[in-house]
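Undergrad: Next up, final17.json (JSON, C-alpha atoms).
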[["chain", "number", "residue", "atom", "x", "y", "z"],
["A", 1, "MET", "CA", -36.54, 10.59, 9.16],
["A", 2, "ASP", "CA", -33.41, 11.15, 7.09],
["A", 3, "SER", "CA", -31.14, 14.08, 7.62],
["A", 4, "PRO", "CA", -30.76, 16.70, 4.89],
["A", 5, "SER", "CA", -27.58, 15.14, 3.73],
["A", 6, "ASN", "CA", -29.35, 11.84, 3.26],
["A", 7, "SER", "CA", -32.09, 13.40, 1.16],
["A", 8, "THR", "CA", -29.56, 14.81, -1.29],
["A", 9, "ILE", "CA", -27.51, 11.62, -1.60],
["A", 10, "PRO", "CA", -29.97, 8.78, -0.90],
["A", 11, "CYS", "CA", -27.79, 6.08, -2.47],
["A", 12, "GLY", "CA", -24.27, 7.12, -1.54],
["A", 13, "PHE", "CA", -21.93, 9.25, 0.51],
["A", 14, "LEU", "CA", -20.30, 12.66, 0.45],
["A", 15, "LEU", "CA", -16.50, 12.68, 0.45],
["A", 16, "GLN", "CA", -15.59, 15.82, 2.33],
["A", 17, "GLY", "CA", -12.00, 15.72, 1.17],
["A", 18, "PHE", "CA", -10.54, 19.15, 1.91],
["A", 19, "PHE", "CA", -13.60, 21.21, 1.02],
["A", 20, "GLU", "CA", -13.43, 23.04, 4.37],
["A", 21, "PHE", "CA", -10.08, 24.56, 3.38],
["A", 22, "PRO", "CA", -10.82, 26.47, 0.14],
["A", 23, "GLN", "CA", -7.64, 28.57, 0.40],
["A", 24, "LEU", "CA", -5.46, 25.48, 0.84],
["A", 25, "ARG", "CA", -6.95, 23.43, -1.99],
["A", 26, "PRO", "CA", -5.06, 24.96, -4.96],
["A", 27, "PHE", "CA", -1.72, 24.50, -3.20],
["A", 28, "LEU", "CA", -2.63, 20.96, -2.13],
["A", 29, "PHE", "CA", -3.71, 20.14, -5.68],
["A", 30, "LEU", "CA", -0.35, 21.21, -7.12],
["A", 31, "VAL", "CA", 1.64, 19.31, -4.48],
["A", 32, "LEU", "CA", -0.39, 16.10, -4.86],
["A", 33, "LEU", "CA", -0.24, 16.34, -8.65],
["A", 34, "ALA", "CA", 3.56, 16.68, -8.57],
["A", 35, "VAL", "CA", 3.89, 13.77, -6.12],
["A", 36, "HIS", "CA", 1.48, 11.64, -8.14],
["A", 37, "LEU", "CA", 3.33, 12.22, -11.41],
["A", 38, "ALA", "CA", 6.65, 11.46, -9.72],
["A", 39, "THR", "CA", 5.19, 8.25, -8.25],
["A", 40, "LEU", "CA", 3.83, 7.13, -11.61],
["A", 41, "SER", "CA", 7.12, 7.95, -13.33],
["A", 42, "GLY", "CA", 9.23, 6.13, -10.74],
["A", 43, "ASN", "CA", 7.18, 2.95, -10.73],
["A", 44, "LEU", "CA", 6.79, 2.94, -14.52],
["A", 45, "LEU", "CA", 10.55, 3.36, -14.86],
["A", 46, "ILE", "CA", 11.14, 0.33, -12.65],
["A", 47, "LEU", "CA", 8.62, -1.70, -14.68],
["A", 48, "VAL", "CA", 10.28, -0.76, -17.97],
["A", 49, "ALA", "CA", 13.73, -1.35, -16.51],
["A", 50, "VAL", "CA", 12.85, -4.84, -15.29],
["A", 51, "VAL", "CA", 11.22, -5.77, -18.61],
["A", 52, "SER", "CA", 14.36, -4.61, -20.44],
["A", 53, "VAL", "CA", 16.60, -7.03, -18.49],
["A", 54, "PRO", "CA", 17.26, -10.11, -20.68],
["A", 55, "SER", "CA", 17.45, -12.62, -17.81],
["A", 56, "ARG", "CA", 15.49, -11.50, -14.78],
["A", 57, "PRO", "CA", 16.35, -12.95, -11.35],
["A", 58, "PRO", "CA", 13.38, -13.69, -9.09],
["A", 59, "MET", "CA", 13.87, -10.58, -6.95],
["A", 60, "LEU", "CA", 13.44, -8.37, -10.02],
["A", 61, "LEU", "CA", 10.20, -10.19, -10.86],
["A", 62, "PHE", "CA", 8.93, -9.47, -7.35],
["A", 63, "LEU", "CA", 9.98, -5.82, -7.69],
["A", 64, "CYS", "CA", 8.11, -5.63, -10.98],
["A", 65, "GLN", "CA", 4.92, -6.87, -9.30],
["A", 66, "LEU", "CA", 5.47, -4.49, -6.36],
["A", 67, "SER", "CA", 5.74, -1.52, -8.74],
["A", 68, "ALA", "CA", 2.61, -2.65, -10.59],
["A", 69, "ILE", "CA", 0.71, -2.86, -7.29],
["A", 70, "GLU", "CA", 1.90, 0.60, -6.28],
["A", 71, "LEU", "CA", 0.80, 2.02, -9.63],
["A", 72, "CYS", "CA", -2.71, 0.62, -9.24],
["A", 73, "TYR", "CA", -2.76, 1.53, -5.54],
["A", 74, "THR", "CA", -2.25, 5.21, -6.25],
["A", 75, "LEU", "CA", -4.58, 5.20, -9.28],
["A", 76, "VAL", "CA", -7.43, 3.91, -7.11],
["A", 77, "VAL", "CA", -7.26, 6.93, -4.80],
["A", 78, "VAL", "CA", -5.28, 9.89, -6.15],
["A", 79, "PRO", "CA", -6.98, 10.78, -9.49],
["A", 80, "ARG", "CA", -10.37, 11.05, -7.79],
["A", 81, "SER", "CA", -8.81, 13.19, -5.01],
["A", 82, "LEU", "CA", -7.19, 15.49, -7.58],
["A", 83, "ALA", "CA", -10.48, 15.85, -9.45],
["A", 84, "ASP", "CA", -12.27, 16.78, -6.22],
["A", 85, "LEU", "CA", -9.57, 19.32, -5.33],
["A", 86, "SER", "CA", -9.96, 20.95, -8.75],
["A", 87, "MET", "CA", -13.72, 21.40, -8.35],
["A", 88, "PRO", "CA", -14.62, 25.07, -7.92],
["A", 89, "GLY", "CA", -17.74, 24.39, -5.83],
["A", 90, "HIS", "CA", -18.05, 25.31, -2.18],
["A", 91, "GLY", "CA", -20.32, 22.48, -1.10],
["A", 92, "ARG", "CA", -19.84, 20.11, 1.78],
["A", 93, "GLY", "CA", -18.16, 17.48, -0.34],
["A", 94, "SER", "CA", -18.08, 15.40, -3.50],
["A", 95, "PRO", "CA", -20.84, 12.76, -3.94],
["A", 96, "ILE", "CA", -19.89, 9.14, -4.52],
["A", 97, "SER", "CA", -22.35, 6.33, -5.08],
["A", 98, "PHE", "CA", -22.76, 3.44, -2.66],
["A", 99, "LEU", "CA", -21.41, 1.01, -5.27],
["A", 100, "GLY", "CA", -18.56, 3.33, -6.25],
["A", 101, "CYS", "CA", -17.52, 3.67, -2.63],
["A", 102, "ALA", "CA", -17.61, -0.11, -2.13],
["A", 103, "VAL", "CA", -15.55, -0.74, -5.27],
["A", 104, "GLN", "CA", -12.95, 1.85, -4.27],
["A", 105, "MET", "CA", -12.60, 0.37, -0.77],
["A", 106, "GLN", "CA", -12.42, -3.18, -2.12],
["A", 107, "MET", "CA", -9.70, -2.34, -4.62],
["A", 108, "PHE", "CA", -7.73, -0.36, -2.04],
["A", 109, "VAL", "CA", -7.80, -3.26, 0.45],
["A", 110, "ALA", "CA", -7.09, -5.86, -2.26],
["A", 111, "LEU", "CA", -3.98, -4.04, -3.48],
["A", 112, "GLY", "CA", -2.76, -3.29, 0.03],
["A", 113, "GLY", "CA", -3.33, -6.92, 1.01],
["A", 114, "ALA", "CA", -1.54, -8.22, -2.08],
["A", 115, "GLU", "CA", 1.43, -6.03, -1.13],
["A", 116, "CYS", "CA", 1.44, -7.48, 2.41],
["A", 117, "PHE", "CA", 1.64, -11.01, 1.00],
["A", 118, "LEU", "CA", 4.18, -10.01, -1.63],
["A", 119, "LEU", "CA", 6.54, -8.54, 0.99],
["A", 120, "ALA", "CA", 6.37, -11.89, 2.81],
["A", 121, "ALA", "CA", 7.21, -13.71, -0.44],
["A", 122, "MET", "CA", 10.16, -11.36, -0.99],
["A", 123, "ALA", "CA", 11.40, -12.09, 2.55],
["A", 124, "TYR", "CA", 11.30, -15.82, 1.72],
["A", 125, "ASP", "CA", 13.28, -15.10, -1.45],
["A", 126, "ARG", "CA", 15.97, -13.32, 0.62],
["A", 127, "TYR", "CA", 15.99, -16.20, 3.10],
["A", 128, "VAL", "CA", 16.66, -18.80, 0.41],
["A", 129, "ALA", "CA", 19.27, -16.58, -1.29],
["A", 130, "ILE", "CA", 21.28, -16.06, 1.91],
["A", 131, "CYS", "CA", 20.70, -19.26, 3.86],
["A", 132, "HIS", "CA", 20.66, -21.72, 0.91],
["A", 133, "PRO", "CA", 22.64, -19.99, -1.87],
["A", 134, "LEU", "CA", 23.64, -23.22, -3.63],
["A", 135, "ARG", "CA", 20.03, -24.38, -3.89],
["A", 136, "TYR", "CA", 18.56, -20.95, -4.68],
["A", 137, "ALA", "CA", 18.18, -21.49, -8.44],
["A", 138, "SER", "CA", 16.48, -24.86, -7.95],
["A", 139, "ILE", "CA", 14.09, -23.62, -5.22],
["A", 140, "VAL", "CA", 13.10, -20.12, -6.37],
["A", 141, "THR", "CA", 12.21, -20.93, -9.96],
["A", 142, "PRO", "CA", 10.21, -18.70, -12.35],
["A", 143, "GLY", "CA", 7.29, -21.08, -11.89],
["A", 144, "LEU", "CA", 7.38, -20.62, -8.11],
["A", 145, "CYS", "CA", 7.58, -16.85, -8.54],
["A", 146, "ALA", "CA", 4.51, -16.90, -10.78],
["A", 147, "ARG", "CA", 2.56, -19.05, -8.30],
["A", 148, "LEU", "CA", 3.53, -16.82, -5.39],
["A", 149, "ALA", "CA", 2.55, -13.69, -7.35],
["A", 150, "LEU", "CA", -0.84, -15.21, -8.19],
["A", 151, "ALA", "CA", -1.37, -16.34, -4.59],
["A", 152, "CYS", "CA", -0.61, -12.81, -3.33],
["A", 153, "CYS", "CA", -3.18, -11.27, -5.65],
["A", 154, "LEU", "CA", -5.85, -13.88, -4.92],
["A", 155, "GLY", "CA", -5.25, -13.65, -1.17],
["A", 156, "GLY", "CA", -5.64, -9.88, -1.18],
["A", 157, "LEU", "CA", -8.74, -10.16, -3.38],
["A", 158, "ALA", "CA", -10.42, -12.75, -1.12],
["A", 159, "VAL", "CA", -9.84, -10.76, 2.07],
["A", 160, "SER", "CA", -10.94, -7.48, 0.47],
["A", 161, "VAL", "CA", -14.21, -8.93, -0.82],
["A", 162, "GLY", "CA", -15.07, -10.40, 2.59],
["A", 163, "LEU", "CA", -14.21, -7.18, 4.41],
["A", 164, "THR", "CA", -16.12, -5.00, 1.93],
["A", 165, "VAL", "CA", -19.25, -7.13, 2.20],
["A", 166, "ALA", "CA", -19.07, -7.01, 6.01],
["A", 167, "VAL", "CA", -18.56, -3.24, 6.18],
["A", 168, "PHE", "CA", -21.26, -2.37, 3.67],
["A", 169, "HIS", "CA", -23.79, -4.56, 5.47],
["A", 170, "LEU", "CA", -23.55, -2.22, 8.46],
["A", 171, "PRO", "CA", -26.34, 0.33, 8.90],
["A", 172, "PHE", "CA", -25.40, 3.91, 8.00],
["A", 173, "CYS", "CA", -27.76, 6.45, 9.51],
["A", 174, "GLY", "CA", -27.70, 10.19, 10.03],
["A", 175, "SER", "CA", -25.19, 12.14, 8.01],
["A", 176, "ARG", "CA", -23.56, 10.39, 5.05],
["A", 177, "LEU", "CA", -20.59, 12.78, 5.17],
["A", 178, "LEU", "CA", -17.24, 10.93, 5.12],
["A", 179, "VAL", "CA", -14.52, 13.12, 6.62],
["A", 180, "HIS", "CA", -12.02, 11.70, 4.16],
["A", 181, "PHE", "CA", -10.88, 12.00, 0.55],
["A", 182, "PHE", "CA", -11.60, 8.36, -0.31],
["A", 183, "CYS", "CA", -13.70, 5.48, 1.03],
["A", 184, "ASP", "CA", -11.36, 4.26, 3.74],
["A", 185, "ILE", "CA", -12.39, 1.56, 6.22],
["A", 186, "THR", "CA", -11.98, 3.68, 9.34],
["A", 187, "ALA", "CA", -14.08, 6.51, 7.91],
["A", 188, "LEU", "CA", -16.90, 4.12, 7.02],
["A", 189, "LEU", "CA", -16.83, 2.38, 10.41],
["A", 190, "HIS", "CA", -16.88, 5.78, 12.11],
["A", 191, "LEU", "CA", -20.05, 6.59, 10.15],
["A", 192, "ALA", "CA", -21.80, 3.33, 11.01],
["A", 193, "CYS", "CA", -24.64, 3.61, 13.53],
["A", 194, "THR", "CA", -23.63, 0.65, 15.65],
["A", 195, "ARG", "CA", -21.26, 0.88, 18.59],
["A", 196, "SER", "CA", -20.75, -2.84, 19.21],
["A", 197, "TYR", "CA", -17.26, -4.35, 19.12],
["A", 198, "VAL", "CA", -18.75, -7.16, 17.03],
["A", 199, "ASP", "CA", -18.84, -4.79, 14.06],
["A", 200, "GLU", "CA", -15.05, -4.42, 14.27],
["A", 201, "LEU", "CA", -14.43, -8.16, 14.03],
["A", 202, "PRO", "CA", -14.22, -8.24, 10.19],
["A", 203, "LEU", "CA", -11.52, -5.54, 10.28],
["A", 204, "LEU", "CA", -9.66, -7.37, 13.04],
["A", 205, "GLY", "CA", -9.90, -10.60, 11.02],
["A", 206, "ALA", "CA", -8.56, -8.85, 7.93],
["A", 207, "CYS", "CA", -5.68, -7.39, 9.96],
["A", 208, "LEU", "CA", -4.94, -10.85, 11.32],
["A", 209, "VAL", "CA", -4.69, -12.32, 7.82],
["A", 210, "LEU", "CA", -3.06, -9.38, 6.04],
["A", 211, "LEU", "CA", -0.73, -8.09, 8.74],
["A", 212, "LEU", "CA", -0.08, -10.64, 11.49],
["A", 213, "LEU", "CA", 0.44, -13.79, 9.41],
["A", 214, "PRO", "CA", 2.74, -12.22, 6.77],
["A", 215, "SER", "CA", 4.68, -10.33, 9.45],
["A", 216, "MET", "CA", 5.29, -13.62, 11.29],
["A", 217, "LEU", "CA", 6.66, -15.13, 8.06],
["A", 218, "ILE", "CA", 8.87, -12.06, 7.54],
["A", 219, "LEU", "CA", 10.19, -12.17, 11.12],
["A", 220, "THR", "CA", 10.88, -15.90, 10.82],
["A", 221, "SER", "CA", 12.75, -15.39, 7.54],
["A", 222, "TYR", "CA", 14.87, -12.56, 8.91],
["A", 223, "GLY", "CA", 15.51, -14.45, 12.14],
["A", 224, "ALA", "CA", 17.04, -17.25, 10.06],
["A", 225, "ILE", "CA", 18.94, -14.68, 7.95],
["A", 226, "ALA", "CA", 20.36, -13.00, 11.07],
["A", 227, "SER", "CA", 21.48, -16.37, 12.38],
["A", 228, "ALA", "CA", 23.17, -17.17, 9.06],
["A", 229, "LEU", "CA", 24.91, -13.79, 8.96],
["A", 230, "ARG", "CA", 26.36, -14.34, 12.42],
["A", 231, "ARG", "CA", 28.01, -17.52, 11.16],
["A", 232, "LEU", "CA", 29.73, -15.69, 8.31],
["A", 233, "HIS", "CA", 33.40, -15.01, 9.07],
["A", 234, "GLY", "CA", 34.14, -12.48, 6.33],
["A", 235, "GLY", "CA", 32.92, -8.93, 7.02],
["A", 236, "GLY", "CA", 32.57, -8.23, 3.30],
["A", 237, "GLY", "CA", 30.22, -11.17, 2.78],
["A", 238, "ARG", "CA", 28.13, -10.12, 5.78],
["A", 239, "ARG", "CA", 27.82, -6.55, 4.52],
["A", 240, "LYS", "CA", 26.91, -7.69, 1.01],
["A", 241, "ALA", "CA", 24.24, -10.06, 2.31],
["A", 242, "ALA", "CA", 22.82, -7.42, 4.64],
["A", 243, "SER", "CA", 22.70, -4.79, 1.89],
["A", 244, "THR", "CA", 20.49, -7.06, -0.24],
["A", 245, "CYS", "CA", 17.91, -7.00, 2.56],
["A", 246, "ALA", "CA", 18.09, -3.29, 3.44],
["A", 247, "SER", "CA", 15.70, -2.01, 0.77],
["A", 248, "HIS", "CA", 13.17, -4.77, 1.43],
["A", 249, "LEU", "CA", 13.27, -4.09, 5.17],
["A", 250, "ALA", "CA", 12.79, -0.34, 4.63],
["A", 251, "VAL", "CA", 9.71, -0.88, 2.44],
["A", 252, "THR", "CA", 8.35, -3.50, 4.86],
["A", 253, "PHE", "CA", 8.63, -1.18, 7.85],
["A", 254, "LEU", "CA", 6.94, 1.64, 5.93],
["A", 255, "HIS", "CA", 4.05, -0.50, 4.68],
["A", 256, "TYR", "CA", 3.38, -2.51, 7.83],
["A", 257, "GLY", "CA", 4.01, 0.45, 10.12],
["A", 258, "CYS", "CA", 1.44, 2.66, 8.37],
["A", 259, "ALA", "CA", -1.13, -0.14, 8.08],
["A", 260, "THR", "CA", -0.74, -1.24, 11.70],
["A", 261, "PHE", "CA", -1.02, 2.30, 13.06],
["A", 262, "MET", "CA", -4.08, 3.07, 10.96],
["A", 263, "TYR", "CA", -6.15, -0.10, 11.27],
["A", 264, "VAL", "CA", -5.08, -2.10, 14.34],
["A", 265, "ARG", "CA", -6.93, -0.03, 16.94],
["A", 266, "PRO", "CA", -10.44, 0.16, 18.39],
["A", 267, "LYS", "CA", -13.15, 2.28, 16.80],
["A", 268, "SER", "CA", -13.26, 4.51, 19.89],
["A", 269, "SER", "CA", -9.79, 5.83, 19.03],
["A", 270, "TYR", "CA", -10.71, 6.90, 15.48],
["A", 271, "SER", "CA", -10.13, 10.58, 14.75],
["A", 272, "PRO", "CA", -11.52, 11.33, 11.27],
["A", 273, "ARG", "CA", -9.49, 14.48, 10.57],
["A", 274, "LEU", "CA", -6.24, 13.01, 11.90],
["A", 275, "ASP", "CA", -6.85, 9.78, 9.98],
["A", 276, "ARG", "CA", -7.46, 11.81, 6.82],
["A", 277, "THR", "CA", -4.13, 13.60, 7.23],
["A", 278, "LEU", "CA", -2.24, 10.36, 7.86],
["A", 279, "ALA", "CA", -3.95, 8.74, 4.86],
["A", 280, "LEU", "CA", -2.70, 11.64, 2.75],
["A", 281, "VAL", "CA", 0.83, 10.55, 3.65],
["A", 282, "TYR", "CA", 0.55, 6.80, 3.15],
["A", 283, "THR", "CA", -1.41, 7.04, -0.11],
["A", 284, "ASN", "CA", 0.90, 9.63, -1.67],
["A", 285, "VAL", "CA", 4.30, 9.83, 0.00],
["A", 286, "THR", "CA", 5.11, 6.19, 0.74],
["A", 287, "PRO", "CA", 4.39, 4.98, -2.85],
["A", 288, "LEU", "CA", 6.80, 7.70, -4.00],
["A", 289, "LEU", "CA", 9.50, 6.49, -1.59],
["A", 290, "TYR", "CA", 9.42, 2.85, -2.73],
["A", 291, "PRO", "CA", 11.01, 3.41, -6.17],
["A", 292, "LEU", "CA", 13.59, 5.71, -4.59],
["A", 293, "ILE", "CA", 14.51, 3.10, -1.97],
["A", 294, "TYR", "CA", 14.92, 0.31, -4.51],
["A", 295, "SER", "CA", 16.67, 2.41, -7.13],
["A", 296, "LEU", "CA", 19.21, 3.61, -4.56],
["A", 297, "ARG", "CA", 19.80, 0.31, -2.76],
["A", 298, "ASN", "CA", 19.44, -2.37, -5.45],
["A", 299, "ARG", "CA", 22.38, -2.57, -7.87],
["A", 300, "GLU", "CA", 20.47, -4.64, -10.44],
["A", 301, "ILE", "CA", 17.61, -2.12, -10.54],
["A", 302, "THR", "CA", 20.08, 0.77, -10.73],
["A", 303, "SER", "CA", 21.90, -0.84, -13.65],
["A", 304, "ALA", "CA", 18.64, -1.61, -15.45],
["A", 305, "ILE", "CA", 17.42, 1.98, -14.99],
["A", 306, "HIS", "CA", 20.73, 3.30, -16.32],
["A", 307, "ARG", "CA", 20.34, 1.11, -19.41],
["A", 308, "VAL", "CA", 16.80, 2.39, -20.00],
["A", 309, "LEU", "CA", 17.92, 5.99, -19.63],
["A", 310, "GLY", "CA", 20.94, 5.42, -21.87],
["A", 311, "LEU", "CA", 23.53, 5.93, -19.13],
["A", 312, "ARG", "CA", 25.85, 3.24, -20.42],
["A", 313, "GLY", "CA", 28.87, 4.42, -18.53],
["A", 314, "SER", "CA", 27.04, 4.45, -15.21],
["A", 315, "ALA", "CA", 25.54, 1.03, -15.73],
["A", 316, "SER", "CA", 28.94, -0.55, -16.16],
["A", 317, "VAL", "CA", 30.32, 0.80, -12.88]]
Represent the structure contained in this file as structure tokens.
TA:
Amino acid sequence: MDSPSNSTIPCGFLLQGFFEFPQLRPFLFLVLLAVHLATLSGNLLILVAVVSVPSRPPMLLFLCQLSAIELCYTLVVVPRSLADLSMPGHGRGSPISFLGCAVQMQMFVALGGAECFLLAAMAYDRYVAICHPLRYASIVTPGLCARLALACCLGGLAVSVGLTVAVFHLPFCGSRLLVHFFCDITALLHLACTRSYVDELPLLGACLVLLLLPSMLILTSYGAIASALRRLHGGGGRRKAASTCASHLAVTFLHYGCATFMYVRPKSSYSPRLDRTLALVYTNVTPLLYPLIYSLRNREITSAIHRVLGLRGSASV
């Protein structure tokens, strides 16, 4: 016999969000709204800045796609969370349909996966630029950039569809209350009735494809870059080459670090309330940091942003 929660939401789930903290919700709403608007503004500014550049080098094209992914990534999760926080009700949570939950999870995984592949493509771009500078223009062509961008999106889409189908074929019994503010994988697996390790295999397979394989490509690329930098005799050239990789490395560590900590662990170690708090950080704070990292570390992005904002004097420095 179904539990009371099942009888009220027979075809979906309840997103608990932060309904158990009614006093905290107005403050949290204002903070998340400010962070969300800043994230949208920062990534939109980078998109407009890149489009305004007459001749765009490949790295700027990759940055443009990264900002577009981050925009969609936050839009999949944050607006719904803000709407739930603004609800005056005192119920257990906000209802979401079975299909709506599946679509949200699929889009979240697809965008996160596309970003994993894109960071690997950007590492390859840095490898060619530093290790084969004379052949860079002939190897990293606009056509190759377009093919890599398409492959990143299709790869993330394929993995996300397979993972979503596997997760939503699991039996969900008892309470349908997700202790989360969106349909995250760990929250859904925690709610599944089964306790077999076999049910975790789709997530482990997705982590293998989305995290392990791209990280191996990134490590290989930066291993070759480090070897090339050691052979450089001029300190200025070494510092200039290293600075071009600093922003990419910072974003890579943030993205892969959060994803690895959250998803590469057994189901027995899941802690719904802790996972919800950590998800609040990596779905809101890290997308805000990415535009700041690139705008501070990348001279081409900085110059393009200055041109968009009309800071002619600063752009020429």
Undergrad: Produce a table with one row for each residue of stretch 59-174 of chain A that has an atom at most 7 Å from any atom of stretch 197-221 of chain A, each row naming the nearest atom pair and its distance in Å at one decimal; use all atoms listed in the file; arrange rows by chain and rising residue number; format as CSV.
TA:
residue,atom,partner,partner_atom,distance
A:Gly113,CA,A:Leu210,CA,5.6
A:Cys116,CA,A:Leu210,CA,6.1
A:Phe117,CA,A:Pro214,CA,6.0
A:Ala120,CA,A:Ile218,CA,5.4
A:Ala123,CA,A:Ile218,CA,5.6
A:Tyr124,CA,A:Ser221,CA,6.0
A:Tyr127,CA,A:Ser221,CA,5.6
A:Val159,CA,A:Ala206,CA,6.3
A:Leu163,CA,A:Pro202,CA,5.9
A:Ala166,CA,A:Pro202,CA,6.5
Undergrad: One decimal, Å: what's the distance from atom CA of A:Thr244 over to atom CA of A:Ala114, could you say?
TA: 22.1 Å
Undergrad: Just checking: using all atoms listed in the file, which residue out of A:Thr164, A:Gln16, A:Ser303, A:Ser227 ends up closest to A:Met105?
TA: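 The shortest atom-to-atom distance to A:Met105 comes from A:Thr164.
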Undergrad: Write out as a short mmCIF file (atom, residue, chain, number, x, y, z; two decimals) with C-alpha atoms, keeping the file's coordinate frame which residues come within 9 Å of stretch 268-283 of chain A when counting all atoms listed in the file, dropping same-chain ones fewer than 5 positions away.
TA:
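File result14.cif, as written:
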data_model
loop_
_atom_site.label_atom_id
_atom_site.label_comp_id
_atom_site.auth_asym_id
_atom_site.auth_seq_id
_atom_site.Cartn_x
_atom_site.Cartn_y
_atom_site.Cartn_z
CA GLY A 17 -12.00 15.72 1.17
CA TYR A 73 -2.76 1.53 -5.54
CA THR A 74 -2.25 5.21 -6.25
CA VAL A 77 -7.26 6.93 -4.80
CA VAL A 78 -5.28 9.89 -6.15
CA LEU A 178 -17.24 10.93 5.12
CA VAL A 179 -14.52 13.12 6.62
CA HIS A 180 -12.02 11.70 4.16
CA PHE A 181 -10.88 12.00 0.55
CA PHE A 182 -11.60 8.36 -0.31
CA ASP A 184 -11.36 4.26 3.74
CA THR A 186 -11.98 3.68 9.34
CA ALA A 187 -14.08 6.51 7.91
CA HIS A 190 -16.88 5.78 12.11
CA ARG A 195 -21.26 0.88 18.59
CA LEU A 254 6.94 1.64 5.93
CA HIS A 255 4.05 -0.50 4.68
CA CYS A 258 1.44 2.66 8.37
CA ALA A 259 -1.13 -0.14 8.08
CA MET A 262 -4.08 3.07 10.96
#
Undergrad: When you count all atoms listed in the file, which of these residues is closest to A:Thr194: A:Gly174, A:Gly156, A:Gly42, A:Gly162?
TA: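 Closest to A:Thr194 of all the choices is A:Gly174.
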Undergrad: Let me make sure I understand: among A:Val31, A:Leu15, A:Leu47, A:Ala146, which one has the smallest atom-to-atom distance to A:Ser295 if we use only C-alpha atoms?
TA: A:Leu47
Undergrad: Quick one: residues within 7 Å of stretch 61-65 of chain A, only C-alpha atoms, excluding same-chain residues fewer than 5 positions away - as a VMD selection string?
TA: chain A and resid 46 to 47 50 56 122
Undergrad: Would you compute the distance between atom CA of A:Ser175 and atom CA of A:Cys193? Give it in Å to one decimal.
TA: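 Rounded to one decimal, the two atoms are 10.2 Å apart.
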Undergrad: What is the distance between atom CA of A:Thr141 and atom CA of A:Leu119, in Å to one decimal?
TA: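 Interatomic distance here is 17.5 Å.
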Undergrad: Find, counting all atoms listed in the file, the residue in A:Asn298, A:Asp84, A:Glu20, A:Phe29 that gets nearest to A:Lys240.
TA: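 For A:Lys240, the nearest of the candidates is A:Asn298.
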Undergrad: Of the residues A:Arg230, A:Arg239, A:Arg80, A:Arg176, which is the one nearest to A:Leu188, using all atoms listed in the file?
TA: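 Nearest to A:Leu188: A:Arg176.
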Undergrad: Let me make sure I understand: among A:Val285, A:Val140, A:Ala83, A:Ile293, which one has the smallest atom-to-atom distance to A:Ser247 if we use only C-alpha atoms?
TA: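 Among the listed residues, A:Ile293 lies closest to A:Ser247.
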Undergrad: Please provide the set of residues having any atom within 12 Å of A:Phe27, restricted to all atoms listed in the file, with same-chain residues fewer than 5 positions apart removed, written as a PyMOL selection string.
TA: chain A and resi 18+21-22+32-34+82+85-86
Undergrad: Can you list, as a VMD selection string, every protein, DNA or RNA residue that comes within 10 Å of A:Val128 when you count only C-alpha atoms, leaving out same-chain residues fewer than 2 positions away?
TA: chain A and resid 122 to 126 130 to 137 139 to 140 221 224 to 225
Undergrad: Write out as a ChimeraX atom specification each polymer residue whose atoms come within 9 Å of A:Leu111, counting all atoms listed in the file; drop sequence neighbours fewer than 5 positions from it.
TA: /A:69-70,72-73,106,116,153,156-157,160
Undergrad: Using only C-alpha atoms, please write the residues we just selected to a file, as a PDB file, in the coordinates of the input.
TA:
ATOM      1  CA  ILE A  69       0.710  -2.860  -7.290  1.00  0.00           C
ATOM      2  CA  GLU A  70       1.900   0.600  -6.280  1.00  0.00           C
ATOM      3  CA  CYS A  72      -2.710   0.620  -9.240  1.00  0.00           C
ATOM      4  CA  TYR A  73      -2.760   1.530  -5.540  1.00  0.00           C
ATOM      5  CA  GLN A 106     -12.420  -3.180  -2.120  1.00  0.00           C
ATOM      6  CA  CYS A 116       1.440  -7.480   2.410  1.00  0.00           C
ATOM      7  CA  CYS A 153      -3.180 -11.270  -5.650  1.00  0.00           C
ATOM      8  CA  GLY A 156      -5.640  -9.880  -1.180  1.00  0.00           C
ATOM      9  CA  LEU A 157      -8.740 -10.160  -3.380  1.00  0.00           C
ATOM     10  CA  SER A 160     -10.940  -7.480   0.470  1.00  0.00           C
TER      11      SER A 160
END
